[in-house]
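Student: Can you read through this structure? Questions will come right after.
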Amino acid sequence: MKRIALLGMPNTGKSTLFNRISGASARVGNWPGITVDLLSAKILLGGHIVELIDLPGIYDLHGFSEDEQVVRHFLTHNPVDLLVVLLNSTQIDRQLSLLLQLKKLGFPIVLALNMADEAKRAGITINTESLSTALALPVIQISAKYGDGLPKVLQAATEIINQQQAKTNPQSIALLLQEENEIEHEMQALVQRHVQIPATLNDDTTDKIDKLLLHKWLGLPLFFGAMFILFQLIFTVGAPIQEGLAWILDLFRAQLLDPLFAGTPHWLSGLMLDGIYNGVATVAAFVPIIILFFLVMSMVEDSGYLSRAAFLMDAIMAKMGLDGRSFVMMLMGFGCNVPAIMGTRIMRSRAIRLLTMLVIPLSLCSARLQVFIFIIAALFAPKHAALALFALYVMSFFTMFLTAVLFQNQYKNTEPFILELPPYRFPTFRQIVLRGSHEVKHFLNRASKFIILGVMLVWFLSNFPSTAAPASLDTYAGKIGLFFAPLLDPIGINHELAIALIFGFVAKEIVVGALAVIYGLQGDALMAQMASQIDWVQAMSFMLFTLIYTPCLSTIATIRNESKSTAFMWLSIAWSLALAWIVSFVFYQSARYLGF
Amino acid sequence: MQFLSQLKAGQRAIISAIEADEFLFHRLSALGFRVGRPLSIMRQANFGGPIQVRLGTTDVILRASEAQRIHINAI
Ligand SMILES: Nc1nc2c(ncn2[C@@H]2O[C@H](COP(=O)(O)OP(=O)(O)OP(=O)(O)O)[C@@H](O)[C@H]2O)c(=O)[nH]1
Ligand SMILES: [Mg+2]
């Protein structure tokens, strides 16, 4: 099979082009280092099935951060038929160096000058024809985001892979990589002859916005203010939708499923309705909030603001042994910890990578957000709800910072901090929809794997042995709860909640599902029941514990893979469990002592 | 001789030398830091944070410790 790879510096739009050509939904964002692993898709090109590969961005062929090594390894171990090299047209004056390096290695290349739209706005003109002659390869200006120039790239690619027989030889590439020099002059000459860049760029929108957002004194307050407003927005818009959906799903059961299962054996209707349906429906009611959350998240990621957050926070992060990029990973962790942990591949020093990986699991991810919204809605008055959620976000930051401060001496590093500041961009409707649907698929995937199995198990544990009254202390769940009582009583977590916590270890989505199963209720009835059994202090303690202890099995597996150290994985688990217990203990006991 | 780290916001300069280990040198050069190229300082973050430098059409942020490796002639 023919193989085409997309290559270029970070943040030049490779994944955007990959999605355009293959119809895939690779993650896109205005941050150098969104893609950190190979992605491939099969496409039909000129009558052949061709494998198209999206690579992480590389600055040059000498990079040794993990994401860059992925690319080196790929090029030196896999024959390719064609490289489509993407450069950002507005930065062609420096990015040409990568193309020249690749050309020296003898790759067949089609050069795609992306972001033609931005270059045009900035007043940069590139003579693609003369440049193409000078470089002796096809040069095409495109705009991957809007789809301009795509057919031309595909046509040029087809021509090359059709006429040429031999693939590149990875061994000789590996050899050539060791020697290579003198690109400087060639690049300058090319830019001088074929590119016109105005002395000051025509488009200064980004500069104007930065004057405000990167302001010496206003920058940080604006950042935290904007975050607060965004989370409030998700909460105020999302919570009623979630409640409405829960109500509908409840109605669906009462009107349709209950009569349908009326004639079946007791255990079957119990398993199907009280177990699976209640559990899954309670979790499913959160899908709109999750979509909403990721829509906001994708807009933030695509805006280019993340790099600004790194700029604003770097000095503070440096005091904790981290840097501005670590802070961006923490923010990405608010969506899901797994890609955030993988995102640390852009860091070269192992020490700072590990330290960042140790703090990311404390970042309040969207799965934990579900648990909190659910419990807060059940146990807090509406006027306190927003405040309770905000407190949890503050706590999330606090535990991350605390962890970094405590461990920074174990993970001392001298990692240089250099980062591009891309212009502000706004995602297209298409990009937003793509991202939203991707997250829904991801959620449904997890749901079908973990949640159904999890809630079935919880149902079994809290309903058997069959002699015991459901959810009583005589059930298996009750016995497990009793077993952990010496540990969990001091932090106010009763035996019903205990079993939910244990399953939350697998995935936080199970926690809400498990609560529904344990109490055998759903929707408003479930919330009312919980409110009658625990008070807000217990609920807060439960949420603090849920926030801090290990987020989920996938996160643990990712930590293991990325750190390549089982010991480090255990350290992460042990530390988060210990910290969770201590924080909950301090909170619960002092709240009780103060008479709450 | 001056270092990039000594410049103030709004100043312009030309890079005269880069003293860095191999990794940093390559990364700097890929981001546009090459001898002979002009640059200007856009701003510095508070509390001794990173500086924002503009080279041609690229904006880069870097810490003072990295800026110290870059020699410049102010213009
Ligand atoms: N204006 C404009 N923006 C674009 C274009 N192509 C991509 N972008 C934006 O550029 C940013 C980076 O796009 P990605 O596709 O994630 O870039 P990448 O090269 O895969 O980045 P890494 O995976 O981090 O190396 C995103 O904000 C895109 O929306 C384009 O043609 N015009
Ligand atoms: Mg990408």
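Going by the structure tokens order, chains are called A, B, ..., each with residues numbered from 1, while ligands are numbered from 1 in the order shown.
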Using only C-alpha atoms, I'd like a table of the residues in chain B that come within 12 Å of chain A; for each, show the closest atom pair and its distance in Å rounded to one decimal, ordered by chain and ascending number, as a Markdown table.

Tutor:
```
| residue | atom | partner | partner_atom | distance |
| --- | --- | --- | --- | --- |
| B:Ala9 | CA | A:Lys216 | CA | 11.7 |
| B:Ala20 | CA | A:Pro416 | CA | 10.4 |
| B:Asp21 | CA | A:Pro416 | CA | 10.7 |
| B:Glu22 | CA | A:His62 | CA | 8.6 |
| B:Phe23 | CA | A:Gly63 | CA | 6.7 |
| B:Leu24 | CA | A:Pro416 | CA | 7.5 |
| B:Phe25 | CA | A:His62 | CA | 10.0 |
| B:His26 | CA | A:His62 | CA | 7.0 |
| B:Arg27 | CA | A:Tyr59 | CA | 6.6 |
| B:Leu28 | CA | A:Ile418 | CA | 8.0 |
| B:Ser29 | CA | A:Arg94 | CA | 8.3 |
| B:Ala30 | CA | A:Tyr59 | CA | 5.6 |
| B:Leu31 | CA | A:Arg94 | CA | 6.8 |
| B:Gly32 | CA | A:Arg94 | CA | 5.3 |
| B:Phe33 | CA | A:Arg94 | CA | 8.9 |
| B:Arg34 | CA | A:Glu184 | CA | 8.5 |
| B:Val35 | CA | A:Glu184 | CA | 9.9 |
| B:Gly36 | CA | A:Glu184 | CA | 11.1 |
| B:Arg37 | CA | A:Gln188 | CA | 10.6 |
| B:Pro38 | CA | A:Ala199 | CA | 11.7 |
| B:Ser40 | CA | A:Thr200 | CA | 12.0 |
| B:Met42 | CA | A:Asp207 | CA | 9.5 |
| B:Arg43 | CA | A:Leu214 | CA | 8.6 |
| B:Gln44 | CA | A:Lys216 | CA | 7.9 |
| B:Ala45 | CA | A:Lys216 | CA | 6.2 |
| B:Asn46 | CA | A:Lys216 | CA | 5.8 |
| B:Phe47 | CA | A:Ala315 | CA | 6.3 |
| B:Gly48 | CA | A:Ala315 | CA | 6.4 |
| B:Gly49 | CA | A:Ala315 | CA | 4.4 |
| B:Pro50 | CA | A:Phe311 | CA | 6.4 |
| B:Ile51 | CA | A:Phe311 | CA | 8.3 |
| B:Gln52 | CA | A:Phe311 | CA | 8.4 |
| B:Val53 | CA | A:Leu421 | CA | 9.5 |
| B:Arg54 | CA | A:Leu421 | CA | 9.6 |
| B:Leu55 | CA | A:Arg94 | CA | 9.3 |
| B:Gly56 | CA | A:Asp93 | CA | 7.6 |
| B:Thr57 | CA | A:Gln91 | CA | 5.7 |
| B:Thr58 | CA | A:Gln91 | CA | 6.3 |
| B:Asp59 | CA | A:Leu421 | CA | 5.2 |
| B:Val60 | CA | A:Glu420 | CA | 4.4 |
| B:Ile61 | CA | A:Leu419 | CA | 5.3 |
| B:Leu62 | CA | A:Ile418 | CA | 4.4 |
| B:Arg63 | CA | A:Phe417 | CA | 6.0 |
| B:Ala64 | CA | A:Phe417 | CA | 9.3 |
| B:Ser65 | CA | A:Pro416 | CA | 7.8 |
| B:Glu66 | CA | A:Pro416 | CA | 6.5 |
| B:Ala67 | CA | A:Ile418 | CA | 9.5 |
| B:Gln68 | CA | A:Pro416 | CA | 11.5 |
| B:Arg69 | CA | A:Pro416 | CA | 11.0 |
```

Student: If you keep N, CA and C atoms, can you produce a file of those selected residues as a compact mmCIF listing (two decimals), in the first residue's frame?

Tutor:
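File out_1.txt, as written:
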```txt
# COMPACT_ATOMS: atom_id res chain seq x y z
N ALA B 9 10.88 46.37 27.03
CA ALA B 9 9.78 46.30 26.08
C ALA B 9 9.87 47.47 25.11
N ALA B 20 24.26 28.19 23.17
CA ALA B 20 23.33 27.27 23.81
C ALA B 20 23.74 25.84 23.49
N ASP B 21 23.26 24.90 24.30
CA ASP B 21 23.56 23.51 23.97
C ASP B 21 22.82 23.13 22.69
N GLU B 22 23.11 21.95 22.19
CA GLU B 22 22.62 21.60 20.87
C GLU B 22 21.10 21.67 20.78
N PHE B 23 20.43 21.09 21.77
CA PHE B 23 18.97 21.06 21.73
C PHE B 23 18.39 22.46 21.66
N LEU B 24 18.86 23.30 22.59
CA LEU B 24 18.31 24.66 22.67
C LEU B 24 18.65 25.44 21.40
N PHE B 25 19.87 25.23 20.91
CA PHE B 25 20.29 25.94 19.71
C PHE B 25 19.37 25.62 18.54
N HIS B 26 19.09 24.35 18.34
CA HIS B 26 18.23 23.96 17.23
C HIS B 26 16.81 24.48 17.41
N ARG B 27 16.31 24.40 18.64
CA ARG B 27 14.95 24.87 18.88
C ARG B 27 14.85 26.37 18.63
N LEU B 28 15.86 27.11 19.13
CA LEU B 28 15.86 28.55 18.92
C LEU B 28 15.91 28.87 17.43
N SER B 29 16.76 28.15 16.71
CA SER B 29 16.90 28.50 15.30
C SER B 29 15.64 28.13 14.53
N ALA B 30 14.97 27.04 14.92
CA ALA B 30 13.72 26.69 14.23
C ALA B 30 12.64 27.73 14.49
N LEU B 31 12.73 28.40 15.64
CA LEU B 31 11.72 29.42 15.94
C LEU B 31 12.12 30.78 15.37
N GLY B 32 13.26 30.84 14.69
CA GLY B 32 13.64 32.06 14.00
C GLY B 32 14.80 32.82 14.61
N PHE B 33 15.36 32.32 15.72
CA PHE B 33 16.52 32.99 16.31
C PHE B 33 17.78 32.59 15.54
N ARG B 34 18.21 33.47 14.62
CA ARG B 34 19.40 33.18 13.84
C ARG B 34 20.26 34.43 13.84
N VAL B 35 21.57 34.24 13.82
CA VAL B 35 22.49 35.37 13.85
C VAL B 35 22.19 36.31 12.69
N GLY B 36 22.17 37.60 12.99
CA GLY B 36 21.92 38.59 11.94
C GLY B 36 20.47 39.00 11.81
N ARG B 37 19.58 38.27 12.47
CA ARG B 37 18.16 38.62 12.31
C ARG B 37 17.73 39.67 13.32
N PRO B 38 16.87 40.60 12.90
CA PRO B 38 16.37 41.61 13.83
C PRO B 38 15.22 41.05 14.67
N SER B 40 12.27 42.34 18.02
CA SER B 40 11.85 43.39 18.94
C SER B 40 11.15 42.78 20.14
N MET B 42 8.29 42.69 22.76
CA MET B 42 6.92 43.16 22.86
C MET B 42 6.55 43.52 24.29
N ARG B 43 6.83 42.61 25.21
CA ARG B 43 6.48 42.87 26.61
C ARG B 43 7.13 41.84 27.50
N GLN B 44 7.10 42.10 28.79
CA GLN B 44 7.55 41.10 29.75
C GLN B 44 6.43 40.85 30.75
N ALA B 45 6.29 39.58 31.14
CA ALA B 45 5.26 39.24 32.13
C ALA B 45 5.71 39.71 33.51
N ASN B 46 4.73 39.87 34.37
CA ASN B 46 5.02 40.33 35.73
C ASN B 46 5.84 39.33 36.53
N PHE B 47 6.34 39.76 37.66
CA PHE B 47 7.07 38.90 38.60
C PHE B 47 8.26 38.22 37.92
N GLY B 48 8.95 38.93 37.04
CA GLY B 48 10.10 38.34 36.37
C GLY B 48 9.75 37.20 35.45
N GLY B 49 8.56 37.23 34.89
CA GLY B 49 8.12 36.17 33.98
C GLY B 49 8.79 36.26 32.62
N PRO B 50 8.30 35.45 31.67
CA PRO B 50 8.92 35.39 30.35
C PRO B 50 8.81 36.70 29.58
N ILE B 51 9.67 36.87 28.56
CA ILE B 51 9.52 38.01 27.66
C ILE B 51 8.92 37.52 26.35
N GLN B 52 8.19 38.43 25.71
CA GLN B 52 7.62 38.11 24.39
C GLN B 52 8.46 38.82 23.33
N VAL B 53 9.00 38.03 22.40
CA VAL B 53 9.88 38.56 21.37
C VAL B 53 9.23 38.37 20.01
N ARG B 54 9.36 39.36 19.15
CA ARG B 54 8.84 39.20 17.78
C ARG B 54 10.01 39.12 16.81
N LEU B 55 10.03 38.01 16.07
CA LEU B 55 11.06 37.84 15.03
C LEU B 55 10.33 37.68 13.72
N GLY B 56 10.44 38.67 12.84
CA GLY B 56 9.70 38.58 11.58
C GLY B 56 8.23 38.43 11.90
N THR B 57 7.64 37.34 11.43
CA THR B 57 6.20 37.17 11.63
C THR B 57 5.88 36.25 12.79
N THR B 58 6.91 35.83 13.53
CA THR B 58 6.68 34.88 14.61
C THR B 58 6.84 35.53 15.98
N ASP B 59 5.91 35.24 16.87
CA ASP B 59 6.04 35.68 18.25
C ASP B 59 6.45 34.51 19.12
N VAL B 60 7.45 34.73 19.96
CA VAL B 60 7.95 33.66 20.81
C VAL B 60 8.05 34.18 22.23
N ILE B 61 7.71 33.33 23.22
CA ILE B 61 7.96 33.73 24.60
C ILE B 61 9.07 32.86 25.16
N LEU B 62 9.95 33.47 25.95
CA LEU B 62 11.02 32.70 26.57
C LEU B 62 11.43 33.34 27.89
N ARG B 63 12.00 32.50 28.76
CA ARG B 63 12.42 32.98 30.07
C ARG B 63 13.73 33.75 29.97
N ALA B 64 13.99 34.57 31.00
CA ALA B 64 15.23 35.33 31.04
C ALA B 64 16.43 34.40 30.97
N SER B 65 16.34 33.23 31.60
CA SER B 65 17.50 32.33 31.59
C SER B 65 17.84 31.88 30.18
N GLU B 66 16.83 31.78 29.31
CA GLU B 66 17.11 31.43 27.91
C GLU B 66 17.54 32.67 27.12
N ALA B 67 16.93 33.81 27.47
CA ALA B 67 17.26 35.05 26.76
C ALA B 67 18.71 35.43 27.00
N GLN B 68 19.26 34.95 28.12
CA GLN B 68 20.65 35.25 28.45
C GLN B 68 21.64 34.58 27.51
N ARG B 69 21.17 33.56 26.82
CA ARG B 69 22.08 32.85 25.90
C ARG B 69 22.18 33.56 24.57
```

Student: Ile161 of chain A: which residues within 10 Å, counting only C-alpha atoms, same-chain residues fewer than 6 positions away excluded, as a VMD selection string?

Tutor: chain A and resid 2 to 4 45 to 46 48 50 80 to 82 108 167

Student: Using the chain letters and numbers from this document, which residues of segment 336-512 of chain A does DSSP assign to helix (DSSP H, G or I), as a ChimeraX atom specification?

Tutor: /A:337-346,350-362,366-379,382-407,429-463,476-491,495-504,509-512

Student: Rank A:Ser15, A:Thr550, A:Thr133, A:Thr555 by their smallest atom-to-atom distance to His194 of chain A, using only C-alpha atoms, and report the top residue only.

Tutor: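 Checking each of A:Ser15, A:Thr550, A:Thr133, A:Thr555 against His194 of chain A, counting only C-alpha atoms, the winner is A:Thr133.
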
Student: Which chains and residue numbers are within 6 Å of ligand 2, counting only C-alpha atoms and all ligand atoms, if I want them as a PyMOL selection string?

Tutor: chain A and resi 14-15+28+34-35+56
